[in-house]
Each structure stands twice: as C-alpha cells, then as structure tokens.
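Student: Next comes run_34.tsv, TSV, C-alpha atoms:
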```tsv
chain	number	residue	atom	x	y	z
A	1	MET	CA	30.51	-18.12	6.31
A	2	VAL	CA	33.41	-20.19	7.52
A	3	LEU	CA	36.95	-19.27	8.52
A	4	LYS	CA	39.25	-22.10	7.44
A	5	ILE	CA	42.54	-22.23	9.31
A	6	ARG	CA	45.30	-24.80	9.70
A	7	ARG	CA	45.59	-26.39	13.13
A	8	GLY	CA	49.25	-25.22	13.31
A	9	ASP	CA	48.29	-21.57	12.74
A	10	LEU	CA	45.54	-21.78	15.36
A	11	GLU	CA	48.00	-23.32	17.84
A	12	ALA	CA	50.51	-20.51	17.09
A	13	ILE	CA	47.80	-17.91	17.80
A	14	LEU	CA	46.90	-19.61	21.08
A	15	ARG	CA	50.59	-19.74	22.02
A	16	HIS	CA	50.91	-16.02	21.24
A	17	ALA	CA	47.89	-15.35	23.50
A	18	ARG	CA	49.46	-17.32	26.37
A	19	GLU	CA	52.85	-15.63	25.93
A	20	SER	CA	51.25	-12.15	25.87
A	21	HIS	CA	49.18	-12.76	29.01
A	22	PRO	CA	48.06	-10.65	30.90
A	23	PHE	CA	47.86	-8.37	27.84
A	24	GLU	CA	45.88	-8.91	24.66
A	25	ALA	CA	47.78	-10.51	21.80
A	26	CYS	CA	46.99	-9.42	18.26
A	27	GLY	CA	47.90	-10.17	14.67
A	28	LEU	CA	46.66	-10.42	11.11
A	29	LEU	CA	45.25	-13.28	9.04
A	30	LEU	CA	46.65	-13.56	5.51
A	31	GLY	CA	44.85	-15.59	2.91
A	32	LYS	CA	42.04	-15.43	0.39
A	33	ARG	CA	38.28	-15.10	0.34
A	34	VAL	CA	36.45	-17.75	-1.63
A	35	GLY	CA	32.83	-16.70	-1.75
A	36	GLU	CA	31.87	-15.94	1.85
A	37	ASP	CA	34.57	-18.21	3.30
A	38	GLY	CA	37.98	-17.02	4.43
A	39	ILE	CA	40.94	-19.33	3.93
A	40	VAL	CA	43.87	-18.47	6.18
A	41	GLU	CA	47.26	-19.15	4.60
A	42	GLU	CA	49.21	-17.67	7.49
A	43	ALA	CA	48.65	-15.96	10.84
A	44	ARG	CA	51.13	-13.15	11.50
A	45	PRO	CA	51.62	-11.83	15.05
A	46	ALA	CA	51.84	-8.07	15.55
A	47	LYS	CA	52.79	-5.78	18.40
A	48	ASN	CA	49.96	-4.50	20.60
A	49	LEU	CA	50.73	-0.84	21.27
A	50	MET	CA	48.12	-0.70	24.05
A	51	LYS	CA	49.79	-3.22	26.39
A	52	SER	CA	46.34	-3.70	27.88
A	53	PRO	CA	44.35	-6.72	29.10
A	54	PHE	CA	41.18	-5.24	27.55
A	55	GLU	CA	42.21	-3.55	24.29
A	56	TYR	CA	44.64	-3.82	21.41
A	57	ARG	CA	45.98	-1.55	18.73
A	58	ILE	CA	48.15	-3.13	16.06
A	59	ASP	CA	51.42	-1.28	15.57
A	60	PRO	CA	51.04	0.69	12.29
A	61	GLU	CA	54.56	-0.35	11.23
A	62	ASP	CA	53.60	-4.03	11.64
A	63	LEU	CA	50.33	-3.38	9.80
A	64	LEU	CA	52.09	-1.79	6.83
A	65	ARG	CA	54.85	-4.42	6.70
A	66	ILE	CA	52.35	-7.30	6.79
A	67	PHE	CA	50.06	-5.66	4.19
A	68	GLU	CA	53.04	-5.21	1.84
A	69	GLU	CA	54.20	-8.78	2.40
A	70	ALA	CA	50.72	-10.14	1.70
A	71	GLU	CA	50.56	-8.16	-1.53
A	72	ARG	CA	53.97	-9.44	-2.68
A	73	ARG	CA	52.81	-13.00	-2.05
A	74	GLY	CA	49.49	-12.57	-3.86
A	75	LEU	CA	47.52	-12.82	-0.63
A	76	GLU	CA	45.18	-10.43	1.10
A	77	ILE	CA	44.47	-9.54	4.69
A	78	ILE	CA	41.21	-11.36	5.38
A	79	GLY	CA	41.04	-10.48	9.05
A	80	SER	CA	42.78	-10.19	12.35
A	81	TYR	CA	43.05	-12.04	15.60
A	82	HIS	CA	43.27	-10.97	19.19
A	83	SER	CA	42.95	-12.52	22.61
A	84	HIS	CA	40.64	-11.94	25.55
A	85	PRO	CA	43.00	-12.79	28.44
A	86	PHE	CA	40.37	-12.87	31.20
A	87	CYS	CA	37.07	-13.70	29.51
A	88	GLU	CA	35.42	-15.79	26.86
A	89	PRO	CA	36.20	-15.19	23.19
A	90	SER	CA	32.98	-13.32	22.46
A	91	TRP	CA	32.38	-10.11	20.52
A	92	SER	CA	32.54	-7.12	22.85
A	93	GLN	CA	31.55	-3.47	22.63
A	94	ILE	CA	35.24	-2.56	22.29
A	95	ASP	CA	35.54	-5.07	19.42
A	96	GLU	CA	32.53	-3.42	17.76
A	97	GLU	CA	34.15	0.00	18.05
A	98	ARG	CA	37.57	-1.18	16.83
A	99	GLY	CA	35.99	-3.06	13.90
A	100	GLU	CA	33.95	-0.12	12.64
A	101	PHE	CA	35.98	0.33	9.45
A	102	TRP	CA	36.75	-3.37	8.86
A	103	VAL	CA	33.42	-4.44	7.32
A	104	GLY	CA	33.75	-7.83	5.63
A	105	TYR	CA	36.81	-8.88	7.63
A	106	SER	CA	37.04	-11.82	10.04
A	107	PHE	CA	37.94	-11.31	13.68
A	108	LEU	CA	39.27	-14.45	15.35
A	109	ILE	CA	39.15	-14.12	19.14
A	110	VAL	CA	40.95	-16.57	21.41
A	111	SER	CA	41.36	-17.05	25.14
A	112	PRO	CA	44.48	-18.50	26.83
A	113	SER	CA	42.31	-21.44	27.95
A	114	GLY	CA	42.19	-22.58	24.32
A	115	ARG	CA	38.69	-21.45	23.44
A	116	PHE	CA	38.15	-19.50	20.22
A	117	ALA	CA	35.42	-17.94	18.07
A	118	SER	CA	35.35	-15.96	14.85
A	119	TYR	CA	33.14	-13.09	13.78
A	120	VAL	CA	32.63	-11.25	10.50
A	121	LYS	CA	32.03	-7.54	10.78
A	122	GLY	CA	28.96	-6.40	8.90
A	123	GLU	CA	27.37	-2.99	8.35
A	124	ARG	CA	25.10	-3.52	11.37
A	125	GLY	CA	27.42	-5.37	13.71
A	126	ALA	CA	29.26	-8.65	13.76
A	127	MET	CA	27.97	-12.14	13.09
A	128	GLU	CA	29.62	-15.30	14.36
A	129	GLU	CA	31.09	-17.45	11.62
A	130	GLY	CA	32.03	-21.09	11.69
A	131	ILE	CA	35.63	-22.22	12.08
A	132	GLU	CA	37.02	-25.20	10.22
A	133	THR	CA	40.48	-26.43	11.14
A	134	LEU	CA	42.50	-27.95	8.34
```
Turn this file's structure into structure tokens for me.
Tutor:
Amino acid sequence: MVLKIRRGDLEAILRHARESHPFEACGLLLGKRVGEDGIVEEARPAKNLMKSPFEYRIDPEDLLRIFEEAERRGLEIIGSYHSHPFCEPSWSQIDEERGEFWVGYSFLIVSPSGRFASYVKGERGAMEEGIETL
C-alpha cells in the first residue's frame, strides 16, 4: 500500500498546515485507487469547523462540493489529510474514532515542521502506508 502524491500537492498541504496553526488543517485527497495504491490527483483544502489544535471536522458543505467536483471530473475521494500542530504525524485515538466509517481510505497526517505519514483505515484499526512523491 502506497500513497502516491505530487511534491507540489504535498507542499500545498504543508503550507495549509502552517497557515492554519495553531489549529488543525484538513482537506480531501482526490484521485484513483489502483490496486492497493492511492494516486492523488489533487489535494483540496477544506474548512475545519472545530477550530481546534487537537481535532478537525470537515465542513459538510465543503465535503459535498468536493465530492460533487470529484465525480464530475471522473475522480474519487481516496482519503483526507489533516495536521497535528503540536505533535508528530502519528495515528491517534481521535483519528481512530473519526476514521471509524472511512474503512479503505487514506489519512495523510502532517506536522508544520514538515514531517508526514499516511495511514489506511482498516476494519481493525489503521495501518501505516508508504508515501511516494512524484
């Protein structure tokens, strides 16, 4: 399992995380699944309704708009991203709870320091996946 993402999209996500500090940034990853790999075509920022340094909730209006746009373009939502403003980009208990209904989706987590990791939510928790920058 590998999440393939363009360097420019990853840099945009990191920039979004820095601009949102001290709150968590969040957004969606549009692309396609090829086997077990996710190929990101575009990262789309979204509004975090929580305005929290420890949690995020994507604005439902952003979620619907981005889902509709992905469908029009023949893409799918393959995952989401969010930042951990004050800690390492590792899977947390809150991430586990928020990801409960997103089995099979990638969760890219970044920190303002530039570190990042990606996880795929499975039935029994999340597993770290590799990241390949294009």
Student: Skipping near chain neighbours, those fewer than 5 positions away, what residues fall within 10 Å of Ile109 (chain A) using all atoms listed in the file, listed as a ChimeraX atom specification?
Tutor: /A:13-14,17,25-26,80-84,88-91,95,115-119
Student: Please save C-alpha atoms of the selected residues as a tab-separated table (two decimals), in the coordinates of the input.
Tutor:
```tsv
chain	number	residue	atom	x	y	z
A	13	ILE	CA	47.80	-17.91	17.80
A	14	LEU	CA	46.90	-19.61	21.08
A	17	ALA	CA	47.89	-15.35	23.50
A	25	ALA	CA	47.78	-10.51	21.80
A	26	CYS	CA	46.99	-9.42	18.26
A	80	SER	CA	42.78	-10.19	12.35
A	81	TYR	CA	43.05	-12.04	15.60
A	82	HIS	CA	43.27	-10.97	19.19
A	83	SER	CA	42.95	-12.52	22.61
A	84	HIS	CA	40.64	-11.94	25.55
A	88	GLU	CA	35.42	-15.79	26.86
A	89	PRO	CA	36.20	-15.19	23.19
A	90	SER	CA	32.98	-13.32	22.46
A	91	TRP	CA	32.38	-10.11	20.52
A	95	ASP	CA	35.54	-5.07	19.42
A	115	ARG	CA	38.69	-21.45	23.44
A	116	PHE	CA	38.15	-19.50	20.22
A	117	ALA	CA	35.42	-17.94	18.07
A	118	SER	CA	35.35	-15.96	14.85
A	119	TYR	CA	33.14	-13.09	13.78
```
Student: Pick the closest to Pro112 (chain A) from A:Asn48, A:Ser20, A:Ser92, A:Thr133: which is it, counting only C-alpha atoms?
Tutor: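 Residue with the minimum atom-to-atom distance to Pro112 (chain A): A:Ser20.
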Student: With distances taken over all atoms listed in the file, which residue among A:Gly114, A:Glu55, A:Ile66, A:Val2 lies nearest Leu29 (chain A)?
Tutor: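 Among the listed residues, the smallest separation from Leu29 (chain A) belongs to A:Ile66.
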Student: What gap, in Å, lies between CA of Glu68 (chain A) and CA of Trp102 (chain A)?
Tutor: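 Interatomic distance here is 17.8 Å.
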Student: Calculate how many Å separate CA of Met1 (chain A) from CA of Glu71 (chain A), rounding to one decimal.
Tutor: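 So the answer is 23.7 Å.
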Student: Pick out the closest residue to Gly38 (chain A) from this set: A:Leu134, A:Leu10, A:Ile78, A:Val103. Count only C-alpha atoms.
Tutor: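 Residue with the minimum atom-to-atom distance to Gly38 (chain A): A:Ile78.
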Student: Return the single residue from A:Leu108, A:Ile94, A:Cys87, A:Leu28 that is closest to Lys47 (chain A), with distances computed using all atoms listed in the file.
Tutor: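 Looking at the shortest contact to Lys47 (chain A), the residue is A:Leu28.
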Student: For Glu42 (chain A), find every residue with an atom within 12 Å (counting all atoms listed in the file), except residues of its own chain fewer than 5 positions away, and show them as a ChimeraX atom specification.
Tutor: /A:4-13,27-32,66,69-70,73,75-81
Student: Write a file of the selected residues as an mmCIF file, in the coordinates of the input, keeping C-alpha atoms.
Tutor:
```
data_model
loop_
_atom_site.group_PDB
_atom_site.id
_atom_site.type_symbol
_atom_site.label_atom_id
_atom_site.label_comp_id
_atom_site.auth_asym_id
_atom_site.auth_seq_id
_atom_site.Cartn_x
_atom_site.Cartn_y
_atom_site.Cartn_z
ATOM 1 C CA LYS A 4 39.250 -22.100 7.440
ATOM 2 C CA ILE A 5 42.540 -22.230 9.310
ATOM 3 C CA ARG A 6 45.300 -24.800 9.700
ATOM 4 C CA ARG A 7 45.590 -26.390 13.130
ATOM 5 C CA GLY A 8 49.250 -25.220 13.310
ATOM 6 C CA ASP A 9 48.290 -21.570 12.740
ATOM 7 C CA LEU A 10 45.540 -21.780 15.360
ATOM 8 C CA GLU A 11 48.000 -23.320 17.840
ATOM 9 C CA ALA A 12 50.510 -20.510 17.090
ATOM 10 C CA ILE A 13 47.800 -17.910 17.800
ATOM 11 C CA GLY A 27 47.900 -10.170 14.670
ATOM 12 C CA LEU A 28 46.660 -10.420 11.110
ATOM 13 C CA LEU A 29 45.250 -13.280 9.040
ATOM 14 C CA LEU A 30 46.650 -13.560 5.510
ATOM 15 C CA GLY A 31 44.850 -15.590 2.910
ATOM 16 C CA LYS A 32 42.040 -15.430 0.390
ATOM 17 C CA ILE A 66 52.350 -7.300 6.790
ATOM 18 C CA GLU A 69 54.200 -8.780 2.400
ATOM 19 C CA ALA A 70 50.720 -10.140 1.700
ATOM 20 C CA ARG A 73 52.810 -13.000 -2.050
ATOM 21 C CA LEU A 75 47.520 -12.820 -0.630
ATOM 22 C CA GLU A 76 45.180 -10.430 1.100
ATOM 23 C CA ILE A 77 44.470 -9.540 4.690
ATOM 24 C CA ILE A 78 41.210 -11.360 5.380
ATOM 25 C CA GLY A 79 41.040 -10.480 9.050
ATOM 26 C CA SER A 80 42.780 -10.190 12.350
ATOM 27 C CA TYR A 81 43.050 -12.040 15.600
#
```
Student: Can you measure CA of Phe67 (chain A) to CA of Gln93 (chain A) for me? One decimal in Å is fine.
Tutor: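 Computing the Euclidean distance for CA of Phe67 (chain A) and CA of Gln93 (chain A) yields 26.2 Å.
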